[in-house]
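Visitor: One structure coming up, written as structure tokens, with questions to follow.
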Amino acid sequence: MKAHSFTVALILLLVLITGSLGCGGRAGPAVRGQQGTGVFSEPRDGGRPPEGMVDLTIEASVKTPTPEHYLLESRPLPPGGGFPFELNVDGQEIVWNVEGARESTSMYVPSGRLPEGGEGIRYVLKKTIRLPAGPHHVFFGVPDDDYWTEVKVSLEEDMRHTLEFRPIYAMGRRGYRDFFHGISRTVVYLDGVRIK
Amino acid sequence: MGWFRGRFSGRGSRLLTAFILLTAALWPALASGGPPFRTDDPETDEYKHGEFYTATQYQHDKGGVYGTTPHFEGDYGLLPNVQLHLIVPDAYDKPKGGPALFGPGDVELGVKYRFVQESEYVPMVGTFPLLEVPTASKARGLGTGQPQLFLPVWLQKGLGPWTSYGGGGYWMNPGAGNKDYWFAGWVVQRDITRWLTIGAELFRQTAPVAGGQAETGYNIGAIINFTEVHHFICSAGTDIHGPASFFFYASYLMTWGPAETGTERKAEK
């Protein structure tokens, strides 16, 4: 009985000590939280942008575990609800809270597991902003995953542009990636061409 | 053994000899298994992905204590569904009332091969033959003195945050007083958070020496992922039936691999 109690106590102690080290999040970019204005706006109609301006559509599709997947991990929802995506262009920031939908897909293909297979919640971001043509510094963040990335883009006038962030999920210790581990990084495409 | 004779005699010497033989016979059971458990699983490392463990094991029973200080384990995904395995231990023995002995232990080599992929209703299945190479000094009780071979079959099935795996196999355990023996075990583990998985194992091993005891025991373990690369793994347990051992395992695990896996490249196309 003594050995059993010692075993359980030892494991609990180790988990408490080491577990407290695993809670630190990654620091966001320095520009995060800046409240600059006048860089971009969200166009209310689909009309052509005025001269010197371009429309840029931001796209991302992220799958997260369901709230019941992890026993001791809760995600505080923002006041408006939804899943937050952050965008910061040249110092102006916006947070879009996107509603998700449950998605249950097969976890497996003949060659193994799929990174987005299984039961989770799918959040699809597709928002358009209007901003001046030319070079811009773009920060994109998924704060629930403590994830941020930045890219520099150059937007030509008289074109509709699309900036897509495709998530690459973190891997488990055996090297297999899946959305249960959260986002590790993103691959970024501008108008279908990989830029990061 | 001559080194001991000058220091121990009579009953003490016989006990010490028995302890060394038992330690040598049990050595593979200590070194093998899927960290942090004795039971292994059929999941291979992703192609070109590697794991490097710096670990220590400790076992305590009526005869004394023994373990590793530390041992190094490397695993590497050589091909899809094929993983190479190597353990290089620094072993120690501390018989009750005797001196502490340290030195190189038996090296363990293995190849894990998964021959059935997991699907919705079918578990993944694989084998993981292990060869214990007698690189340690048997006279000092740090190794087996004989090559030993383990031929197991392992199964694994995941269900949401739960993973269950186990199986068993046959240890070929040559040597004076040794017996071939069976090992079987099963593990159930659950993801608690993104960084913490806990699990429990129940195992059974038949007697590895003539006149020895079979062993039934359990371990409770945890896997903590600090990052994708850095992990801490630990377990502890004891016998329910057997030589009344206490086991402990702890390791720091570093993983590495290509920036993009095969699955990712396919997804991009």
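Chain lettering (A, B, ...) mirrors the order of the structure tokens, residue numbering begins at 1 for each chain separately, and ligand numbering begins at 1 in order of display.
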Near Tyr108 of chain A, within 7 Å and counting only C-alpha atoms, which residues show up once chain neighbours fewer than 6 positions away are dropped, as a list in words?

Guide: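 Here the qualifying residues turn out to be Leu114 and Gly117 of chain A; Ser119 of chain B.
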
Visitor: May I have all residues of segment 23-156 of chain B that DSSP, computed from the backbone, assigns to strand (DSSP E or B), given as a PyMOL selection string?

Guide: chain B and resi 50-61+64-79+82-95+101-104+107-116+124-127+130-133+148-156

Visitor: Interatomic distance between atom CA of Met171 of chain A and atom CA of Asp75 of chain B?

Guide: 16.0 Å

Visitor: Set out as CSV a contact list for chain B and chain A with a cut-off of 9 Å, giving each residue of chain B that qualifies its closest atom pair and distance in Å to one decimal, counting only C-alpha atoms, ordered by chain and rising residue number.

Guide:
```
residue,atom,partner,partner_atom,distance
B:Glu43,CA,A:Arg174,CA,7.9
B:Thr44,CA,A:Arg174,CA,7.0
B:Asp45,CA,A:Arg174,CA,4.7
B:Glu46,CA,A:Gly175,CA,5.1
B:Tyr47,CA,A:Gly175,CA,8.2
B:Lys48,CA,A:Gly175,CA,8.9
B:His49,CA,A:Gly175,CA,5.8
B:Gly50,CA,A:Arg174,CA,7.6
B:Glu51,CA,A:Arg174,CA,7.5
B:Gly77,CA,A:Arg174,CA,8.9
B:Pro80,CA,A:Ser111,CA,8.7
B:Gln117,CA,A:Gly112,CA,6.4
B:Glu118,CA,A:Gly112,CA,7.1
B:Ser119,CA,A:Tyr108,CA,5.6
B:Glu120,CA,A:Tyr108,CA,7.1
B:Gly160,CA,A:His69,CA,7.1
B:Pro161,CA,A:His69,CA,6.0
B:Arg190,CA,A:Tyr70,CA,8.8
B:Asp191,CA,A:Tyr70,CA,6.3
B:Ile192,CA,A:Tyr70,CA,5.0
B:Thr193,CA,A:Tyr70,CA,5.1
B:Arg194,CA,A:His181,CA,5.6
B:Trp195,CA,A:Gly22,CA,6.8
B:Leu196,CA,A:Gly19,CA,7.5
B:Asn219,CA,A:Thr7,CA,8.2
B:Ile220,CA,A:Ile11,CA,7.2
B:Gly221,CA,A:Ile11,CA,6.9
B:Ala222,CA,A:Val15,CA,7.1
B:Ile223,CA,A:Val15,CA,8.8
B:Ile224,CA,A:Gly19,CA,6.9
B:Asn225,CA,A:Gly22,CA,7.2
B:Phe226,CA,A:Gly22,CA,5.0
B:Thr227,CA,A:Gly22,CA,7.9
B:Glu228,CA,A:Met171,CA,6.0
B:Val229,CA,A:Arg173,CA,7.6
B:His230,CA,A:Arg173,CA,8.8
B:His231,CA,A:Arg173,CA,7.9
B:Phe232,CA,A:Thr18,CA,7.7
B:Cys234,CA,A:Ile11,CA,7.5
B:Ser235,CA,A:Ile11,CA,6.7
B:Ala236,CA,A:Thr7,CA,5.5
B:Gly237,CA,A:Thr7,CA,5.6
B:Thr238,CA,A:Ala3,CA,6.7
B:Asp239,CA,A:Ala3,CA,8.9
B:Ala244,CA,A:Ala3,CA,8.8
B:Ser245,CA,A:Ala3,CA,8.7
B:Phe246,CA,A:Ala3,CA,6.9
B:Phe247,CA,A:Thr7,CA,8.5
B:Phe248,CA,A:Thr7,CA,8.4
B:Leu253,CA,A:Arg173,CA,8.5
B:Met254,CA,A:Arg173,CA,8.5
B:Thr255,CA,A:Arg173,CA,6.5
B:Trp256,CA,A:Gly175,CA,7.8
B:Gly257,CA,A:Gly175,CA,7.1
B:Glu260,CA,A:Ile168,CA,8.8
B:Thr261,CA,A:Tyr176,CA,8.0
B:Thr263,CA,A:Leu114,CA,7.3
B:Glu264,CA,A:Ile168,CA,7.6
```

Visitor: For Glu215 of chain B, work out the shell of residues within 8 Å, counting only C-alpha atoms and skipping chain neighbours fewer than 2 positions away, then give it as a CSV table (one decimal) with N, CA and C atoms, in the first residue's frame.

Guide:
```
chain,number,residue,atom,x,y,z
B,204,ARG,N,2.1,-8.2,-17.3
B,204,ARG,CA,2.4,-9.5,-16.7
B,204,ARG,C,3.6,-10.1,-17.4
B,205,GLN,N,4.5,-10.6,-16.6
B,205,GLN,CA,5.7,-11.3,-17.1
B,205,GLN,C,5.9,-12.6,-16.4
B,206,THR,N,6.1,-13.6,-17.2
B,206,THR,CA,6.3,-14.9,-16.5
B,206,THR,C,7.8,-15.0,-16.0
B,207,ALA,N,8.1,-16.0,-15.2
B,207,ALA,CA,9.4,-16.0,-14.5
B,207,ALA,C,10.5,-16.1,-15.5
B,213,GLN,N,10.0,-15.9,-9.8
B,213,GLN,CA,8.6,-15.5,-9.7
B,213,GLN,C,8.1,-14.8,-10.9
B,217,GLY,N,2.3,-6.2,-12.6
B,217,GLY,CA,2.5,-4.8,-12.0
B,217,GLY,C,1.8,-3.8,-12.8
B,239,ASP,N,4.8,-3.6,-8.3
B,239,ASP,CA,4.2,-4.9,-8.5
B,239,ASP,C,2.9,-5.1,-7.7
B,240,ILE,N,1.9,-5.7,-8.4
B,240,ILE,CA,0.7,-6.2,-7.6
B,240,ILE,C,1.0,-7.6,-7.1
B,241,HIS,N,1.7,-8.3,-7.9
B,241,HIS,CA,2.1,-9.7,-7.5
B,241,HIS,C,3.5,-9.9,-8.1
B,242,GLY,N,4.4,-10.3,-7.2
B,242,GLY,CA,5.7,-10.6,-7.7
B,242,GLY,C,6.8,-10.2,-6.7
B,243,PRO,N,7.9,-9.8,-7.2
B,243,PRO,CA,9.1,-9.5,-6.3
B,243,PRO,C,8.9,-8.1,-5.5
```

Visitor: Interatomic distance between atom CA of Gln59 of chain B and atom CA of Gly212 of chain B?

Guide: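 Between atom CA of Gln59 of chain B and atom CA of Gly212 of chain B the gap is 17.1 Å.
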
Visitor: What separation in Å, quoted to one decimal, exists between atom CA of Thr144 of chain B and atom CA of Ala55 of chain B?

Guide: 20.5 Å
